[in-house]
Amino acid sequence: MRNRLRVLRAERSWSQGELADRLGVSRQTVNAIETGRYDPSLPLAFSIARLFDLAIEQVFEPEG
Amino acid sequence: MKPSSAGFHTGRDARNAGGFNRWMLAAAIAYVAATAALRWRAALPAISPALQWLLVGTALLFAVEATRRYVLYLRQADELLRRIQLEALGLGFAAGAVVALLYPLFELLGAPALGGRGIAVVLLLAWAAGSWLAARRYSGGT
């Protein structure tokens with residue numbers, strides 16, 4: 001799954017650690033999602049979308 | 001804002017991991033003490049049967065508490081950390097099962113006896129290796 005997390009975070013000038021704290025996850029979780037190594041659970045994906053005030057499909061989209 | 005989510009642990013994960021590690025250490029020390037006391041009980045008359053039961057019971061209680069802390073750690077863990085631990089436990093369990101089932105065949109061929117403790121050591125080492133491998137897989141890049 002592709003995502004725009006890195007871009008959205010950069011637009012707000014947040015570090016990975018700051019975003020992780022806002023989401024209640026570890027910094028490595030944010031890093032792994034941004035680099036495509038890990039796809040978040042549905043509740044976390046919704047939390048991310050809600051944090052950026054976007055619909056979930058505006059943050060995540062299936063590959064291919 | 002001071003980040004509390006360094007590495008794979010959130011602040012809560014770090015606290016839970018600390019609790020587990022402390023009880024694991026206590027269980028290991030109690031286990032070594034109980035093993036030593038039982039092994040040399042003939043030479044140490046001060047170690048009464050009641051004390052022997054107390055030492056073994058203490059080791060068991062500490063191990064049960066360490067297990068409870070680990071389950072708590074997993075239940076409350078960050079979701080990526082839980083994935084890493086699942087992969088690590090899977091590798092540890094698989095390695096332990098393979099060794100437990102296949103090593104007796106090697107013993108029949110003349111390999112030294114491993115015993116239950118040896119299998120437990122293999123399982124724990126594979127668990128640790130699995131943790132390292134899974135953490136490596138999901139980290140890297142910034």
# chains A, B, ... in the order shown; residues from 1 in each chain; ligands from 1
>>> residues_around(residues="Gln58 in chain A", least_positions_apart="6", cutoff="9 Å", atoms="only C-alpha atoms", output="list in words")
Asn3, Arg4 and Ala49 of chain A
>>> write_last_selection(atoms="C-alpha atoms", output="compact mmCIF listing (two decimals), in the first residue's frame")
# COMPACT_ATOMS: atom_id res chain seq x y z
CA ASN A 3 0.84 6.42 1.44
CA ARG A 4 1.48 10.17 1.65
CA ALA A 49 -6.34 10.24 8.42
>>> residues_around(residues="Trp127 in chain B", least_positions_apart="4", cutoff="7 Å", atoms="only C-alpha atoms", output="VMD selection string")
chain B and resid 88 to 89 91 to 92 123 131
>>> write_last_selection(atoms="all heavy atoms", output="PDB file, in the first residue's frame")
ATOM      1  N   ALA B  88       9.096 -13.108  16.154  1.00  0.00           N
ATOM      2  CA  ALA B  88      10.156 -13.656  17.012  1.00  0.00           C
ATOM      3  C   ALA B  88       9.679 -14.905  17.751  1.00  0.00           C
ATOM      4  O   ALA B  88      10.383 -15.916  17.815  1.00  0.00           O
ATOM      5  CB  ALA B  88      10.614 -12.595  18.012  1.00  0.00           C
ATOM      6  N   LEU B  89       8.452 -14.836  18.292  1.00  0.00           N
ATOM      7  CA  LEU B  89       7.902 -16.002  18.997  1.00  0.00           C
ATOM      8  C   LEU B  89       7.687 -17.163  18.039  1.00  0.00           C
ATOM      9  O   LEU B  89       7.908 -18.326  18.393  1.00  0.00           O
ATOM     10  CB  LEU B  89       6.580 -15.629  19.679  1.00  0.00           C
ATOM     11  CG  LEU B  89       6.709 -14.757  20.925  1.00  0.00           C
ATOM     12  CD1 LEU B  89       5.338 -14.227  21.336  1.00  0.00           C
ATOM     13  CD2 LEU B  89       7.326 -15.536  22.067  1.00  0.00           C
ATOM     14  N   LEU B  91       9.444 -17.828  15.337  1.00  0.00           N
ATOM     15  CA  LEU B  91      10.748 -18.444  15.063  1.00  0.00           C
ATOM     16  C   LEU B  91      11.231 -19.252  16.268  1.00  0.00           C
ATOM     17  O   LEU B  91      11.747 -20.371  16.111  1.00  0.00           O
ATOM     18  CB  LEU B  91      11.775 -17.356  14.715  1.00  0.00           C
ATOM     19  CG  LEU B  91      13.130 -17.871  14.261  1.00  0.00           C
ATOM     20  CD1 LEU B  91      13.022 -18.626  12.949  1.00  0.00           C
ATOM     21  CD2 LEU B  91      14.135 -16.734  14.118  1.00  0.00           C
ATOM     22  N   GLY B  92      11.052 -18.683  17.465  1.00  0.00           N
ATOM     23  CA  GLY B  92      11.478 -19.389  18.670  1.00  0.00           C
ATOM     24  C   GLY B  92      10.729 -20.697  18.850  1.00  0.00           C
ATOM     25  O   GLY B  92      11.328 -21.743  19.123  1.00  0.00           O
ATOM     26  N   LEU B 123      15.196 -22.515  22.142  1.00  0.00           N
ATOM     27  CA  LEU B 123      13.978 -21.720  21.945  1.00  0.00           C
ATOM     28  C   LEU B 123      14.228 -20.249  22.299  1.00  0.00           C
ATOM     29  O   LEU B 123      13.870 -19.352  21.537  1.00  0.00           O
ATOM     30  CB  LEU B 123      12.871 -22.311  22.809  1.00  0.00           C
ATOM     31  CG  LEU B 123      11.443 -21.866  22.529  1.00  0.00           C
ATOM     32  CD1 LEU B 123      10.474 -22.962  22.934  1.00  0.00           C
ATOM     33  CD2 LEU B 123      11.092 -20.592  23.275  1.00  0.00           C
ATOM     34  N   SER B 131      13.690 -11.713  17.232  1.00  0.00           N
ATOM     35  CA  SER B 131      13.436 -10.304  17.573  1.00  0.00           C
ATOM     36  C   SER B 131      14.380  -9.396  16.792  1.00  0.00           C
ATOM     37  O   SER B 131      13.974  -8.376  16.234  1.00  0.00           O
ATOM     38  CB  SER B 131      13.654 -10.063  19.065  1.00  0.00           C
ATOM     39  OG  SER B 131      12.659 -10.684  19.811  1.00  0.00           O
TER      40      SER B 131
END
>>> closest_residue(among="B:Glu107, B:Ile84, B:Leu125, B:Arg68", to="Tyr138 in chain B", atoms="only C-alpha atoms")
B:Ile84
>>> closest_residue(among="A:Met1, A:Asn31, A:Phe60, A:Ala45", to="chain B", atoms="only C-alpha atoms")
A:Asn31
>>> residues_around(residues="Asn21 in chain B", least_positions_apart="4", cutoff="8 Å", atoms="only C-alpha atoms", output="JSON, numbers by chain")
{"B": [17, 25, 66]}
>>> interface_residues(of="chain A", to="chain B", cutoff="10 Å", atoms="only C-alpha atoms", output="MDAnalysis selection string")
chainID A and resid 6 15:22 24:41 44
>>> write_last_selection(atoms="N, CA and C atoms", output="PDB file, in the first residue's frame")
ATOM      1  N   ARG A   6       4.740  10.756   4.693  1.00  0.00           N
ATOM      2  CA  ARG A   6       5.953  11.571   4.802  1.00  0.00           C
ATOM      3  C   ARG A   6       5.688  13.010   4.329  1.00  0.00           C
ATOM      4  N   SER A  15       8.502  16.133  13.230  1.00  0.00           N
ATOM      5  CA  SER A  15       9.465  15.030  13.166  1.00  0.00           C
ATOM      6  C   SER A  15       8.690  13.713  13.262  1.00  0.00           C
ATOM      7  N   GLN A  16       9.382  12.619  12.948  1.00  0.00           N
ATOM      8  CA  GLN A  16       8.722  11.311  13.088  1.00  0.00           C
ATOM      9  C   GLN A  16       8.309  11.071  14.540  1.00  0.00           C
ATOM     10  N   GLY A  17       9.164  11.516  15.466  1.00  0.00           N
ATOM     11  CA  GLY A  17       8.865  11.336  16.884  1.00  0.00           C
ATOM     12  C   GLY A  17       7.634  12.110  17.313  1.00  0.00           C
ATOM     13  N   GLU A  18       7.514  13.349  16.796  1.00  0.00           N
ATOM     14  CA  GLU A  18       6.331  14.162  17.138  1.00  0.00           C
ATOM     15  C   GLU A  18       5.057  13.512  16.617  1.00  0.00           C
ATOM     16  N   LEU A  19       5.112  13.041  15.357  1.00  0.00           N
ATOM     17  CA  LEU A  19       3.931  12.389  14.785  1.00  0.00           C
ATOM     18  C   LEU A  19       3.600  11.117  15.572  1.00  0.00           C
ATOM     19  N   ALA A  20       4.643  10.385  15.923  1.00  0.00           N
ATOM     20  CA  ALA A  20       4.423   9.143  16.682  1.00  0.00           C
ATOM     21  C   ALA A  20       3.725   9.444  18.005  1.00  0.00           C
ATOM     22  N   ASP A  21       4.172  10.508  18.684  1.00  0.00           N
ATOM     23  CA  ASP A  21       3.548  10.868  19.962  1.00  0.00           C
ATOM     24  C   ASP A  21       2.084  11.268  19.773  1.00  0.00           C
ATOM     25  N   ARG A  22       1.804  11.976  18.696  1.00  0.00           N
ATOM     26  CA  ARG A  22       0.411  12.381  18.443  1.00  0.00           C
ATOM     27  C   ARG A  22      -0.478  11.166  18.161  1.00  0.00           C
ATOM     28  N   GLY A  24       0.285   8.062  19.277  1.00  0.00           N
ATOM     29  CA  GLY A  24       0.411   7.063  20.350  1.00  0.00           C
ATOM     30  C   GLY A  24       1.094   5.784  19.893  1.00  0.00           C
ATOM     31  N   VAL A  25       2.003   5.902  18.917  1.00  0.00           N
ATOM     32  CA  VAL A  25       2.770   4.744  18.455  1.00  0.00           C
ATOM     33  C   VAL A  25       4.255   5.060  18.572  1.00  0.00           C
ATOM     34  N   SER A  26       5.110   4.098  18.236  1.00  0.00           N
ATOM     35  CA  SER A  26       6.547   4.333  18.327  1.00  0.00           C
ATOM     36  C   SER A  26       7.049   5.067  17.074  1.00  0.00           C
ATOM     37  N   ARG A  27       8.219   5.691  17.215  1.00  0.00           N
ATOM     38  CA  ARG A  27       8.807   6.391  16.064  1.00  0.00           C
ATOM     39  C   ARG A  27       9.097   5.409  14.922  1.00  0.00           C
ATOM     40  N   GLN A  28       9.522   4.199  15.279  1.00  0.00           N
ATOM     41  CA  GLN A  28       9.826   3.214  14.242  1.00  0.00           C
ATOM     42  C   GLN A  28       8.572   2.783  13.486  1.00  0.00           C
ATOM     43  N   THR A  29       7.421   2.831  14.141  1.00  0.00           N
ATOM     44  CA  THR A  29       6.182   2.499  13.435  1.00  0.00           C
ATOM     45  C   THR A  29       5.914   3.537  12.353  1.00  0.00           C
ATOM     46  N   VAL A  30       6.077   4.812  12.713  1.00  0.00           N
ATOM     47  CA  VAL A  30       5.904   5.879  11.716  1.00  0.00           C
ATOM     48  C   VAL A  30       6.909   5.695  10.581  1.00  0.00           C
ATOM     49  N   ASN A  31       8.151   5.420  10.940  1.00  0.00           N
ATOM     50  CA  ASN A  31       9.199   5.225   9.938  1.00  0.00           C
ATOM     51  C   ASN A  31       8.870   4.049   9.015  1.00  0.00           C
ATOM     52  N   ALA A  32       8.432   2.947   9.603  1.00  0.00           N
ATOM     53  CA  ALA A  32       8.137   1.752   8.803  1.00  0.00           C
ATOM     54  C   ALA A  32       6.950   1.992   7.873  1.00  0.00           C
ATOM     55  N   ILE A  33       5.960   2.770   8.317  1.00  0.00           N
ATOM     56  CA  ILE A  33       4.819   3.079   7.449  1.00  0.00           C
ATOM     57  C   ILE A  33       5.276   3.989   6.305  1.00  0.00           C
ATOM     58  N   GLU A  34       6.061   5.010   6.646  1.00  0.00           N
ATOM     59  CA  GLU A  34       6.515   5.957   5.621  1.00  0.00           C
ATOM     60  C   GLU A  34       7.354   5.273   4.546  1.00  0.00           C
ATOM     61  N   THR A  35       8.162   4.320   4.953  1.00  0.00           N
ATOM     62  CA  THR A  35       9.057   3.650   3.998  1.00  0.00           C
ATOM     63  C   THR A  35       8.393   2.445   3.329  1.00  0.00           C
ATOM     64  N   GLY A  36       7.132   2.199   3.657  1.00  0.00           N
ATOM     65  CA  GLY A  36       6.405   1.112   3.004  1.00  0.00           C
ATOM     66  C   GLY A  36       6.752  -0.277   3.518  1.00  0.00           C
ATOM     67  N   ARG A  37       7.463  -0.341   4.639  1.00  0.00           N
ATOM     68  CA  ARG A  37       7.811  -1.655   5.187  1.00  0.00           C
ATOM     69  C   ARG A  37       6.667  -2.263   5.994  1.00  0.00           C
ATOM     70  N   TYR A  38       5.750  -1.419   6.399  1.00  0.00           N
ATOM     71  CA  TYR A  38       4.666  -1.898   7.259  1.00  0.00           C
ATOM     72  C   TYR A  38       3.378  -1.166   6.912  1.00  0.00           C
ATOM     73  N   ASP A  39       2.315  -1.944   6.743  1.00  0.00           N
ATOM     74  CA  ASP A  39       0.984  -1.361   6.531  1.00  0.00           C
ATOM     75  C   ASP A  39       0.266  -1.297   7.867  1.00  0.00           C
ATOM     76  N   PRO A  40      -0.237  -0.113   8.235  1.00  0.00           N
ATOM     77  CA  PRO A  40      -0.855   0.011   9.569  1.00  0.00           C
ATOM     78  C   PRO A  40      -2.180  -0.735   9.658  1.00  0.00           C
ATOM     79  N   SER A  41      -2.601  -0.994  10.877  1.00  0.00           N
ATOM     80  CA  SER A  41      -3.921  -1.577  11.099  1.00  0.00           C
ATOM     81  C   SER A  41      -4.973  -0.548  10.683  1.00  0.00           C
ATOM     82  N   LEU A  44      -5.362   2.347  13.179  1.00  0.00           N
ATOM     83  CA  LEU A  44      -4.260   3.318  13.106  1.00  0.00           C
ATOM     84  C   LEU A  44      -4.363   4.140  11.825  1.00  0.00           C
TER      85      LEU A  44
END
>>> residues_around(residues="range 95-105 of chain B", least_positions_apart="5", cutoff="10 Å", atoms="only C-alpha atoms", output="JSON, numbers by chain")
{"B": [89, 90, 110, 111, 112, 113, 114, 115, 116, 118, 119, 120, 121, 122, 123, 124, 125, 126, 127]}
>>> write_last_selection(atoms="C-alpha atoms", output="PDB file, in the first residue's frame")
ATOM      1  CA  LEU B  89       7.902 -16.002  18.997  1.00  0.00           C
ATOM      2  CA  GLY B  90       7.078 -17.890  15.810  1.00  0.00           C
ATOM      3  CA  GLY B 110      25.662 -40.596  18.785  1.00  0.00           C
ATOM      4  CA  ALA B 111      25.262 -36.847  19.326  1.00  0.00           C
ATOM      5  CA  PRO B 112      25.459 -35.707  22.961  1.00  0.00           C
ATOM      6  CA  ALA B 113      22.204 -35.622  24.930  1.00  0.00           C
ATOM      7  CA  LEU B 114      20.528 -32.206  24.895  1.00  0.00           C
ATOM      8  CA  GLY B 115      17.745 -32.537  27.471  1.00  0.00           C
ATOM      9  CA  GLY B 116      14.845 -30.239  28.218  1.00  0.00           C
ATOM     10  CA  GLY B 118      18.979 -27.492  26.048  1.00  0.00           C
ATOM     11  CA  ILE B 119      15.750 -27.260  24.076  1.00  0.00           C
ATOM     12  CA  ALA B 120      14.627 -24.300  26.207  1.00  0.00           C
ATOM     13  CA  VAL B 121      17.941 -22.567  25.502  1.00  0.00           C
ATOM     14  CA  VAL B 122      17.519 -23.135  21.743  1.00  0.00           C
ATOM     15  CA  LEU B 123      13.978 -21.720  21.945  1.00  0.00           C
ATOM     16  CA  LEU B 124      15.110 -18.629  23.878  1.00  0.00           C
ATOM     17  CA  LEU B 125      18.051 -18.007  21.549  1.00  0.00           C
ATOM     18  CA  ALA B 126      15.825 -18.365  18.476  1.00  0.00           C
ATOM     19  CA  TRP B 127      13.321 -15.959  20.064  1.00  0.00           C
TER      20      TRP B 127
END
>>> atom_distance(atom1="CA of Arg50 in chain A", atom2="CA of Leu72 in chain B")
28.1 Å
>>> atom_distance(atom1="CA of Ala94 in chain B", atom2="CA of Arg117 in chain B")
16.3 Å
>>> select_by_dssp(residues="chain B", states="helix (DSSP H, G or I)", output="ChimeraX atom specification")
/B:11-39,49-75,79-108,115-138
>>> atom_distance(atom1="CA of Arg22 in chain B", atom2="CA of Arg41 in chain B")
27.9 Å
